[in-house]
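What follows is the content of entry-v7.pdb, which has PDB, N, CA and C atoms:
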ATOM      1  N   MET A1096       0.920 -25.451   1.806
ATOM      2  CA  MET A1096      -0.477 -25.098   1.677
ATOM      3  C   MET A1096      -0.612 -23.593   1.476
ATOM      4  N   GLY A1097      -1.566 -23.170   0.666
ATOM      5  CA  GLY A1097      -1.831 -21.759   0.426
ATOM      6  C   GLY A1097      -2.619 -21.154   1.568
ATOM      7  N   GLY A1098      -2.955 -19.904   1.405
ATOM      8  CA  GLY A1098      -3.727 -19.212   2.420
ATOM      9  C   GLY A1098      -3.072 -17.915   2.795
ATOM     10  N   PRO A1099      -3.828 -17.005   3.391
ATOM     11  CA  PRO A1099      -3.292 -15.693   3.749
ATOM     12  C   PRO A1099      -2.250 -15.772   4.858
ATOM     13  N   VAL A1100      -1.271 -14.874   4.794
ATOM     14  CA  VAL A1100      -0.208 -14.859   5.796
ATOM     15  C   VAL A1100      -0.079 -13.519   6.509
ATOM     16  N   GLY A1101      -0.900 -12.527   6.182
ATOM     17  CA  GLY A1101      -0.895 -11.262   6.906
ATOM     18  C   GLY A1101       0.210 -10.307   6.515
ATOM     19  N   ASP A1102       0.548 -10.238   5.246
ATOM     20  CA  ASP A1102       1.559  -9.283   4.783
ATOM     21  C   ASP A1102       0.990  -7.869   4.858
ATOM     22  N   HIS A1103       1.862  -6.908   5.119
ATOM     23  CA  HIS A1103       1.413  -5.526   5.291
ATOM     24  C   HIS A1103       2.140  -4.588   4.349
ATOM     25  N   LEU A1104       1.402  -3.636   3.806
ATOM     26  CA  LEU A1104       1.957  -2.534   3.036
ATOM     27  C   LEU A1104       1.898  -1.312   3.941
ATOM     28  N   LEU A1105       3.057  -0.759   4.301
ATOM     29  CA  LEU A1105       3.118   0.409   5.189
ATOM     30  C   LEU A1105       3.444   1.643   4.361
ATOM     31  N   VAL A1106       2.641   2.687   4.550
ATOM     32  CA  VAL A1106       2.842   3.945   3.839
ATOM     33  C   VAL A1106       3.103   5.022   4.884
ATOM     34  N   TRP A1107       4.339   5.530   4.913
ATOM     35  CA  TRP A1107       4.758   6.531   5.888
ATOM     36  C   TRP A1107       4.801   7.911   5.242
ATOM     37  N   ASP A1108       4.439   8.924   5.992
ATOM     38  CA  ASP A1108       4.597  10.313   5.559
ATOM     39  C   ASP A1108       5.644  10.928   6.483
ATOM     40  N   ASN A1109       6.805  11.240   5.935
ATOM     41  CA  ASN A1109       7.923  11.725   6.749
ATOM     42  C   ASN A1109       8.247  13.196   6.555
ATOM     43  N   ALA A1110       7.378  13.946   5.897
ATOM     44  CA  ALA A1110       7.678  15.356   5.642
ATOM     45  C   ALA A1110       6.438  16.216   5.874
ATOM     46  N   ALA A1111       6.619  17.302   6.598
ATOM     47  CA  ALA A1111       5.536  18.259   6.825
ATOM     48  C   ALA A1111       5.535  19.262   5.673
ATOM     49  N   ASP A1112       5.193  18.779   4.485
ATOM     50  CA  ASP A1112       5.263  19.619   3.294
ATOM     51  C   ASP A1112       3.907  19.912   2.679
ATOM     52  N   GLY A1113       2.832  19.518   3.347
ATOM     53  CA  GLY A1113       1.501  19.762   2.827
ATOM     54  C   GLY A1113       1.031  18.730   1.816
ATOM     55  N   HIS A1114       1.837  17.699   1.568
ATOM     56  CA  HIS A1114       1.471  16.642   0.637
ATOM     57  C   HIS A1114       1.280  15.333   1.397
ATOM     58  N   SER A1115       0.472  14.452   0.844
ATOM     59  CA  SER A1115       0.256  13.133   1.421
ATOM     60  C   SER A1115       1.109  12.110   0.679
ATOM     61  N   ALA A1116       1.422  11.013   1.351
ATOM     62  CA  ALA A1116       2.109   9.897   0.703
ATOM     63  C   ALA A1116       1.058   8.945   0.155
ATOM     64  N   VAL A1117       1.223   8.553  -1.121
ATOM     65  CA  VAL A1117       0.260   7.689  -1.795
ATOM     66  C   VAL A1117       1.015   6.565  -2.495
ATOM     67  N   VAL A1118       0.523   5.339  -2.343
ATOM     68  CA  VAL A1118       1.060   4.200  -3.087
ATOM     69  C   VAL A1118      -0.071   3.637  -3.936
ATOM     70  N   GLU A1119       0.186   3.456  -5.221
ATOM     71  CA  GLU A1119      -0.746   2.768  -6.107
ATOM     72  C   GLU A1119      -0.185   1.371  -6.346
ATOM     73  N   TYR A1120      -1.038   0.367  -6.249
ATOM     74  CA  TYR A1120      -0.530  -1.002  -6.348
ATOM     75  C   TYR A1120      -1.482  -1.907  -7.113
ATOM     76  N   LEU A1121      -0.899  -2.930  -7.705
ATOM     77  CA  LEU A1121      -1.628  -4.002  -8.369
ATOM     78  C   LEU A1121      -1.382  -5.288  -7.599
ATOM     79  N   ARG A1122      -2.398  -6.078  -7.409
ATOM     80  CA  ARG A1122      -2.258  -7.405  -6.811
ATOM     81  C   ARG A1122      -2.370  -8.438  -7.910
ATOM     82  N   ASN A1123      -1.655  -9.546  -7.778
ATOM     83  CA  ASN A1123      -1.771 -10.584  -8.798
ATOM     84  C   ASN A1123      -3.052 -11.401  -8.643
ATOM     85  N   ASP A1124      -3.761 -11.247  -7.526
ATOM     86  CA  ASP A1124      -4.952 -12.066  -7.289
ATOM     87  C   ASP A1124      -6.267 -11.301  -7.390
ATOM     88  N   GLU A1125      -6.224 -10.000  -7.725
ATOM     89  CA  GLU A1125      -7.467  -9.238  -7.879
ATOM     90  C   GLU A1125      -7.219  -7.948  -8.643
ATOM     91  N   ASN A1126      -8.231  -7.263  -9.027
ATOM     92  CA  ASN A1126      -8.318  -5.942  -9.663
ATOM     93  C   ASN A1126      -7.712  -5.809 -11.051
ATOM     94  N   GLY A1127      -7.356  -6.897 -11.723
ATOM     95  CA  GLY A1127      -6.896  -6.818 -13.105
ATOM     96  C   GLY A1127      -5.794  -5.799 -13.324
ATOM     97  N   ASP A1128      -6.020  -4.865 -14.243
ATOM     98  CA  ASP A1128      -5.028  -3.831 -14.552
ATOM     99  C   ASP A1128      -5.329  -2.505 -13.885
ATOM    100  N   ASP A1129      -6.291  -2.461 -12.981
ATOM    101  CA  ASP A1129      -6.658  -1.225 -12.290
ATOM    102  C   ASP A1129      -5.876  -1.100 -10.990
ATOM    103  N   TYR A1130      -5.154   0.005 -10.856
ATOM    104  CA  TYR A1130      -4.392   0.242  -9.634
ATOM    105  C   TYR A1130      -5.323   0.556  -8.474
ATOM    106  N   LEU A1131      -5.016   0.005  -7.320
ATOM    107  CA  LEU A1131      -5.667   0.371  -6.060
ATOM    108  C   LEU A1131      -4.794   1.432  -5.406
ATOM    109  N   ARG A1132      -5.353   2.247  -4.523
ATOM    110  CA  ARG A1132      -4.581   3.298  -3.862
ATOM    111  C   ARG A1132      -4.573   3.104  -2.355
ATOM    112  N   ALA A1133      -3.393   3.264  -1.788
ATOM    113  CA  ALA A1133      -3.229   3.327  -0.340
ATOM    114  C   ALA A1133      -2.774   4.761  -0.055
ATOM    115  N   TRP A1134      -3.657   5.572   0.509
ATOM    116  CA  TRP A1134      -3.438   7.001   0.688
ATOM    117  C   TRP A1134      -3.277   7.292   2.175
ATOM    118  N   ASN A1135      -2.085   7.738   2.568
ATOM    119  CA  ASN A1135      -1.847   8.090   3.964
ATOM    120  C   ASN A1135      -2.281   9.537   4.173
ATOM    121  N   TYR A1136      -3.480   9.704   4.664
ATOM    122  CA  TYR A1136      -4.040  11.034   4.905
ATOM    123  C   TYR A1136      -3.880  11.471   6.360
ATOM    124  N   TYR A1137      -3.155  10.682   7.172
ATOM    125  CA  TYR A1137      -3.010  10.979   8.595
ATOM    126  C   TYR A1137      -2.044  12.125   8.870
ATOM    127  N   GLY A1138      -1.060  12.343   8.014
ATOM    128  CA  GLY A1138      -0.123  13.444   8.201
ATOM    129  C   GLY A1138       1.269  12.995   8.595
ATOM    130  N   LYS A1139       2.108  13.984   8.853
ATOM    131  CA  LYS A1139       3.527  13.759   9.123
ATOM    132  C   LYS A1139       3.750  12.788  10.284
ATOM    133  N   TYR A1140       4.687  11.869  10.074
ATOM    134  CA  TYR A1140       5.149  10.871  11.045
ATOM    135  C   TYR A1140       4.119   9.809  11.399
ATOM    136  N   TYR A1141       3.046   9.715  10.640
ATOM    137  CA  TYR A1141       2.076   8.646  10.847
ATOM    138  C   TYR A1141       2.188   7.645   9.713
ATOM    139  N   LYS A1142       1.754   6.431   9.986
ATOM    140  CA  LYS A1142       1.790   5.402   8.951
ATOM    141  C   LYS A1142       0.387   4.897   8.661
ATOM    142  N   LEU A1143       0.191   4.485   7.438
ATOM    143  CA  LEU A1143      -1.003   3.778   7.031
ATOM    144  C   LEU A1143      -0.601   2.317   6.891
ATOM    145  N   ASP A1144      -1.334   1.420   7.512
ATOM    146  CA  ASP A1144      -1.039  -0.007   7.501
ATOM    147  C   ASP A1144      -2.159  -0.720   6.736
ATOM    148  N   VAL A1145      -1.827  -1.264   5.568
ATOM    149  CA  VAL A1145      -2.794  -2.000   4.758
ATOM    150  C   VAL A1145      -2.450  -3.488   4.850
ATOM    151  N   ASN A1146      -3.349  -4.278   5.425
ATOM    152  CA  ASN A1146      -3.135  -5.710   5.546
ATOM    153  C   ASN A1146      -3.433  -6.347   4.195
ATOM    154  N   MET A1147      -2.406  -6.844   3.526
ATOM    155  CA  MET A1147      -2.540  -7.353   2.170
ATOM    156  C   MET A1147      -3.028  -8.800   2.120
ATOM    157  N   ASN A1148      -2.725  -9.605   3.110
ATOM    158  CA  ASN A1148      -3.114 -11.024   3.116
ATOM    159  C   ASN A1148      -2.798 -11.702   1.788
ATOM    160  N   LEU A1149      -1.539 -11.628   1.381
ATOM    161  CA  LEU A1149      -1.115 -12.263   0.137
ATOM    162  C   LEU A1149      -1.069 -13.771   0.294
ATOM    163  N   ASP A1150      -1.377 -14.472  -0.774
ATOM    164  CA  ASP A1150      -1.308 -15.923  -0.753
ATOM    165  C   ASP A1150       0.152 -16.349  -0.671
ATOM    166  N   ARG A1151       0.466 -17.272   0.205
ATOM    167  CA  ARG A1151       1.865 -17.673   0.399
ATOM    168  C   ARG A1151       2.418 -18.471  -0.778
ATOM    169  N   ASP A1152       1.554 -18.923  -1.667
ATOM    170  CA  ASP A1152       1.994 -19.665  -2.844
ATOM    171  C   ASP A1152       2.027 -18.748  -4.063
ATOM    172  N   GLY A1153       2.862 -17.721  -4.013
ATOM    173  CA  GLY A1153       3.071 -16.872  -5.180
ATOM    174  C   GLY A1153       2.340 -15.554  -5.186
ATOM    175  N   GLY A1154       1.726 -15.150  -4.079
ATOM    176  CA  GLY A1154       1.057 -13.861  -4.034
ATOM    177  C   GLY A1154       2.059 -12.719  -4.066
ATOM    178  N   TYR A1155       1.755 -11.679  -4.831
ATOM    179  CA  TYR A1155       2.647 -10.519  -4.882
ATOM    180  C   TYR A1155       1.882  -9.268  -5.281
ATOM    181  N   ILE A1156       2.507  -8.114  -5.061
ATOM    182  CA  ILE A1156       1.994  -6.845  -5.552
ATOM    183  C   ILE A1156       3.102  -6.156  -6.346
ATOM    184  N   SER A1157       2.711  -5.279  -7.246
ATOM    185  CA  SER A1157       3.644  -4.344  -7.869
ATOM    186  C   SER A1157       3.105  -2.961  -7.523
ATOM    187  N   TYR A1158       3.983  -1.978  -7.385
ATOM    188  CA  TYR A1158       3.520  -0.689  -6.890
ATOM    189  C   TYR A1158       4.280   0.461  -7.509
ATOM    190  N   ARG A1159       3.692   1.642  -7.366
ATOM    191  CA  ARG A1159       4.327   2.913  -7.684
ATOM    192  C   ARG A1159       3.846   3.899  -6.632
ATOM    193  N   TRP A1160       4.613   4.925  -6.367
ATOM    194  CA  TRP A1160       4.258   5.868  -5.294
ATOM    195  C   TRP A1160       4.318   7.280  -5.845
ATOM    196  N   SER A1161       3.702   8.182  -5.093
ATOM    197  CA  SER A1161       3.761   9.602  -5.425
ATOM    198  C   SER A1161       3.415  10.417  -4.194
ATOM    199  N   ALA A1162       3.687  11.693  -4.271
ATOM    200  CA  ALA A1162       3.250  12.640  -3.240
ATOM    201  C   ALA A1162       2.074  13.396  -3.827
ATOM    202  N   ALA A1163       0.980  13.455  -3.078
ATOM    203  CA  ALA A1163      -0.216  14.113  -3.596
ATOM    204  C   ALA A1163      -0.483  15.393  -2.857
TER     205      ALA A1163
END
Structure encoded using structure tokens:
Amino acid sequence: MGGPVGDHLLVWDNAADGHSAVVEYLRNDENGDDYLRAWNYYGKYYKLDVNMNLDRDGGYISYRWSAA
């Protein structure tokens, strides 16, 4: 059976370099070709936790990251 399973995208910032950790991602179940952003603005050694709730019957994301 399908339905959300509580998958998480974790974005960690491990460097005190004045930049934030950013992940841009596409979901197969929403947003078409427009990337969504998960921006960890909390700072060094903190994580951003994005609950993805992917469908267990083939849900996935594709992603790219950068330092901003």
Translate the PyMOL selection byres (((chain A and resi 1158 and name CA) around 7) and name CA) into a concrete residue list for this structure, as a short mmCIF file (atom, residue, chain, number, x, y, z; two decimals) with N, CA and C atoms, keeping the file's coordinate frame.
data_model
loop_
_atom_site.label_atom_id
_atom_site.label_comp_id
_atom_site.auth_asym_id
_atom_site.auth_seq_id
_atom_site.Cartn_x
_atom_site.Cartn_y
_atom_site.Cartn_z
N VAL A 1118 0.52 5.34 -2.34
CA VAL A 1118 1.06 4.20 -3.09
C VAL A 1118 -0.07 3.64 -3.94
N GLU A 1119 0.19 3.46 -5.22
CA GLU A 1119 -0.75 2.77 -6.11
C GLU A 1119 -0.18 1.37 -6.35
N TYR A 1120 -1.04 0.37 -6.25
CA TYR A 1120 -0.53 -1.00 -6.35
C TYR A 1120 -1.48 -1.91 -7.11
N LEU A 1121 -0.90 -2.93 -7.70
CA LEU A 1121 -1.63 -4.00 -8.37
C LEU A 1121 -1.38 -5.29 -7.60
N ILE A 1156 2.51 -8.11 -5.06
CA ILE A 1156 1.99 -6.84 -5.55
C ILE A 1156 3.10 -6.16 -6.35
N SER A 1157 2.71 -5.28 -7.25
CA SER A 1157 3.64 -4.34 -7.87
C SER A 1157 3.10 -2.96 -7.52
N ARG A 1159 3.69 1.64 -7.37
CA ARG A 1159 4.33 2.91 -7.68
C ARG A 1159 3.85 3.90 -6.63
N TRP A 1160 4.61 4.92 -6.37
CA TRP A 1160 4.26 5.87 -5.29
C TRP A 1160 4.32 7.28 -5.84
#
Please provide as a list in words all residues within 8 Å of A:Asn1146, with the sequence filter that same-chain residues fewer than 5 positions apart are discarded (counting all atoms listed in the file).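 Contacts, with the query itself left out: Gly1101, Asp1102, His1103, Leu1104 and Leu1105 of chain A.
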Residue among A:Val1117, A:Gly1153, A:Met1147, A:Asn1123 lying closest to A:Asn1135, counting only N, CA and C atoms: A:Val1117
Can you pull out every residue from chain A that DSSP, working from the backbone, puts in strand (DSSP E), and format the result as a list in words? His1103, Leu1104, Leu1105, Val1106, Trp1107, Ala1116, Val1117, Val1118, Glu1119, Tyr1120, Leu1121, Arg1122, Leu1131, Arg1132, Ala1133, Trp1134, Asn1135, Lys1142, Leu1143, Asp1144, Val1145, Asn1146, Ile1156, Ser1157, Tyr1158, Arg1159, Trp1160, Ser1161 and Ala1162 of chain A
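Residues matching the PyMOL selection byres ((chain A and resi 1134) around 8) in this structure come to Val1106, Ser1115, Ala1116, Val1117, Val1118, Glu1119, Leu1131, Arg1132, Ala1133, Asn1135, Tyr1136, Tyr1137, Lys1142 and Leu1143 of chain A.
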Same residues, N, CA and C atoms, output as a tab-separated table (two decimals), in the coordinates of the input:
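Saved result, result-v8.tsv, follows:
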chain	number	residue	atom	x	y	z
A	1106	VAL	N	2.64	2.69	4.55
A	1106	VAL	CA	2.84	3.94	3.84
A	1106	VAL	C	3.10	5.02	4.88
A	1115	SER	N	0.47	14.45	0.84
A	1115	SER	CA	0.26	13.13	1.42
A	1115	SER	C	1.11	12.11	0.68
A	1116	ALA	N	1.42	11.01	1.35
A	1116	ALA	CA	2.11	9.90	0.70
A	1116	ALA	C	1.06	8.94	0.16
A	1117	VAL	N	1.22	8.55	-1.12
A	1117	VAL	CA	0.26	7.69	-1.80
A	1117	VAL	C	1.01	6.56	-2.50
A	1118	VAL	N	0.52	5.34	-2.34
A	1118	VAL	CA	1.06	4.20	-3.09
A	1118	VAL	C	-0.07	3.64	-3.94
A	1119	GLU	N	0.19	3.46	-5.22
A	1119	GLU	CA	-0.75	2.77	-6.11
A	1119	GLU	C	-0.18	1.37	-6.35
A	1131	LEU	N	-5.02	0.00	-7.32
A	1131	LEU	CA	-5.67	0.37	-6.06
A	1131	LEU	C	-4.79	1.43	-5.41
A	1132	ARG	N	-5.35	2.25	-4.52
A	1132	ARG	CA	-4.58	3.30	-3.86
A	1132	ARG	C	-4.57	3.10	-2.36
A	1133	ALA	N	-3.39	3.26	-1.79
A	1133	ALA	CA	-3.23	3.33	-0.34
A	1133	ALA	C	-2.77	4.76	-0.06
A	1135	ASN	N	-2.08	7.74	2.57
A	1135	ASN	CA	-1.85	8.09	3.96
A	1135	ASN	C	-2.28	9.54	4.17
A	1136	TYR	N	-3.48	9.70	4.66
A	1136	TYR	CA	-4.04	11.03	4.90
A	1136	TYR	C	-3.88	11.47	6.36
A	1137	TYR	N	-3.16	10.68	7.17
A	1137	TYR	CA	-3.01	10.98	8.60
A	1137	TYR	C	-2.04	12.12	8.87
A	1142	LYS	N	1.75	6.43	9.99
A	1142	LYS	CA	1.79	5.40	8.95
A	1142	LYS	C	0.39	4.90	8.66
A	1143	LEU	N	0.19	4.49	7.44
A	1143	LEU	CA	-1.00	3.78	7.03
A	1143	LEU	C	-0.60	2.32	6.89
If the PyMOL selection byres (((chain A and resi 1110 and name CA) around 8) and name CA) were run on this exact file, what residues would it hold? Put them as an MDAnalysis selection string. chainID A and resid 1108:1109 1111:1112 1139:1140
Grab the atom CA of A:Arg1122 to atom CA of A:Tyr1155 distance for me, in Å with one decimal place.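 Pair atom CA of A:Arg1122 / atom CA of A:Tyr1155 returns 6.1 Å.
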With distances taken over all atoms listed in the file, which residue among A:Asp1152, A:Gly1138, A:Val1145, A:Gly1127 lies nearest A:His1114?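 Ranking A:Asp1152, A:Gly1138, A:Val1145, A:Gly1127 by distance to A:His1114, first place goes to A:Gly1138.
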Figure out the distance between atom N of A:Trp1107 and atom C of A:Gly1154, please, to one decimal in Å. 20.5 Å
Export N, CA and C atoms of stretch 1116-1145 of chain A from the structure just given, as a tab-separated table (two decimals), in the first residue's frame?
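What ended up in decode.tsv:
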chain	number	residue	atom	x	y	z
A	1116	ALA	N	24.79	26.00	4.15
A	1116	ALA	CA	24.61	24.81	3.32
A	1116	ALA	C	23.22	24.84	2.72
A	1117	VAL	N	23.14	24.61	1.40
A	1117	VAL	CA	21.87	24.67	0.68
A	1117	VAL	C	21.75	23.44	-0.20
A	1118	VAL	N	20.57	22.81	-0.18
A	1118	VAL	CA	20.28	21.71	-1.09
A	1118	VAL	C	19.08	22.13	-1.94
A	1119	GLU	N	19.21	22.00	-3.25
A	1119	GLU	CA	18.09	22.20	-4.16
A	1119	GLU	C	17.62	20.82	-4.60
A	1120	TYR	N	16.32	20.60	-4.58
A	1120	TYR	CA	15.82	19.26	-4.89
A	1120	TYR	C	14.54	19.29	-5.70
A	1121	LEU	N	14.35	18.22	-6.45
A	1121	LEU	CA	13.12	17.98	-7.20
A	1121	LEU	C	12.45	16.75	-6.62
A	1122	ARG	N	11.16	16.78	-6.47
A	1122	ARG	CA	10.39	15.61	-6.05
A	1122	ARG	C	9.68	15.05	-7.27
A	1123	ASN	N	9.50	13.74	-7.32
A	1123	ASN	CA	8.78	13.17	-8.45
A	1123	ASN	C	7.27	13.36	-8.33
A	1124	ASP	N	6.79	13.78	-7.16
A	1124	ASP	CA	5.34	13.90	-6.96
A	1124	ASP	C	4.84	15.34	-6.88
A	1125	GLU	N	5.72	16.34	-7.05
A	1125	GLU	CA	5.27	17.73	-7.03
A	1125	GLU	C	6.32	18.65	-7.64
A	1126	ASN	N	6.01	19.87	-7.88
A	1126	ASN	CA	6.82	21.00	-8.33
A	1126	ASN	C	7.42	20.90	-9.73
A	1127	GLY	N	7.01	19.94	-10.55
A	1127	GLY	CA	7.46	19.89	-11.94
A	1127	GLY	C	8.97	19.98	-12.09
A	1128	ASP	N	9.44	20.95	-12.87
A	1128	ASP	CA	10.87	21.13	-13.10
A	1128	ASP	C	11.47	22.23	-12.25
A	1129	ASP	N	10.74	22.76	-11.30
A	1129	ASP	CA	11.23	23.84	-10.43
A	1129	ASP	C	11.86	23.25	-9.18
A	1130	TYR	N	13.12	23.60	-8.95
A	1130	TYR	CA	13.81	23.12	-7.75
A	1130	TYR	C	13.26	23.80	-6.51
A	1131	LEU	N	13.09	23.03	-5.45
A	1131	LEU	CA	12.78	23.56	-4.12
A	1131	LEU	C	14.11	23.71	-3.39
A	1132	ARG	N	14.18	24.56	-2.38
A	1132	ARG	CA	15.42	24.77	-1.64
A	1132	ARG	C	15.25	24.41	-0.17
A	1133	ALA	N	16.23	23.70	0.34
A	1133	ALA	CA	16.34	23.44	1.77
A	1133	ALA	C	17.60	24.19	2.21
A	1134	TRP	N	17.43	25.29	2.92
A	1134	TRP	CA	18.52	26.20	3.27
A	1134	TRP	C	18.77	26.12	4.77
A	1135	ASN	N	19.95	25.63	5.14
A	1135	ASN	CA	20.31	25.55	6.56
A	1135	ASN	C	20.91	26.90	6.97
A	1136	TYR	N	20.08	27.73	7.55
A	1136	TYR	CA	20.50	29.06	7.99
A	1136	TYR	C	20.85	29.09	9.48
A	1137	TYR	N	20.87	27.92	10.14
A	1137	TYR	CA	21.12	27.85	11.58
A	1137	TYR	C	22.58	28.06	11.94
A	1138	GLY	N	23.51	27.70	11.06
A	1138	GLY	CA	24.93	27.90	11.33
A	1138	GLY	C	25.68	26.61	11.58
A	1139	LYS	N	26.95	26.78	11.91
A	1139	LYS	CA	27.88	25.66	12.07
A	1139	LYS	C	27.38	24.63	13.08
A	1140	TYR	N	27.51	23.36	12.70
A	1140	TYR	CA	27.18	22.19	13.51
A	1140	TYR	C	25.69	22.00	13.78
A	1141	TYR	N	24.84	22.72	13.08
A	1141	TYR	CA	23.40	22.52	13.21
A	1141	TYR	C	22.89	21.84	11.95
A	1142	LYS	N	21.76	21.17	12.09
A	1142	LYS	CA	21.16	20.51	10.94
A	1142	LYS	C	19.78	21.08	10.67
A	1143	LEU	N	19.41	21.06	9.42
A	1143	LEU	CA	18.05	21.35	9.00
A	1143	LEU	C	17.42	20.01	8.65
A	1144	ASP	N	16.26	19.73	9.19
A	1144	ASP	CA	15.56	18.46	8.98
A	1144	ASP	C	14.28	18.75	8.20
A	1145	VAL	N	14.22	18.28	6.96
A	1145	VAL	CA	13.04	18.46	6.12
A	1145	VAL	C	12.34	17.11	6.00
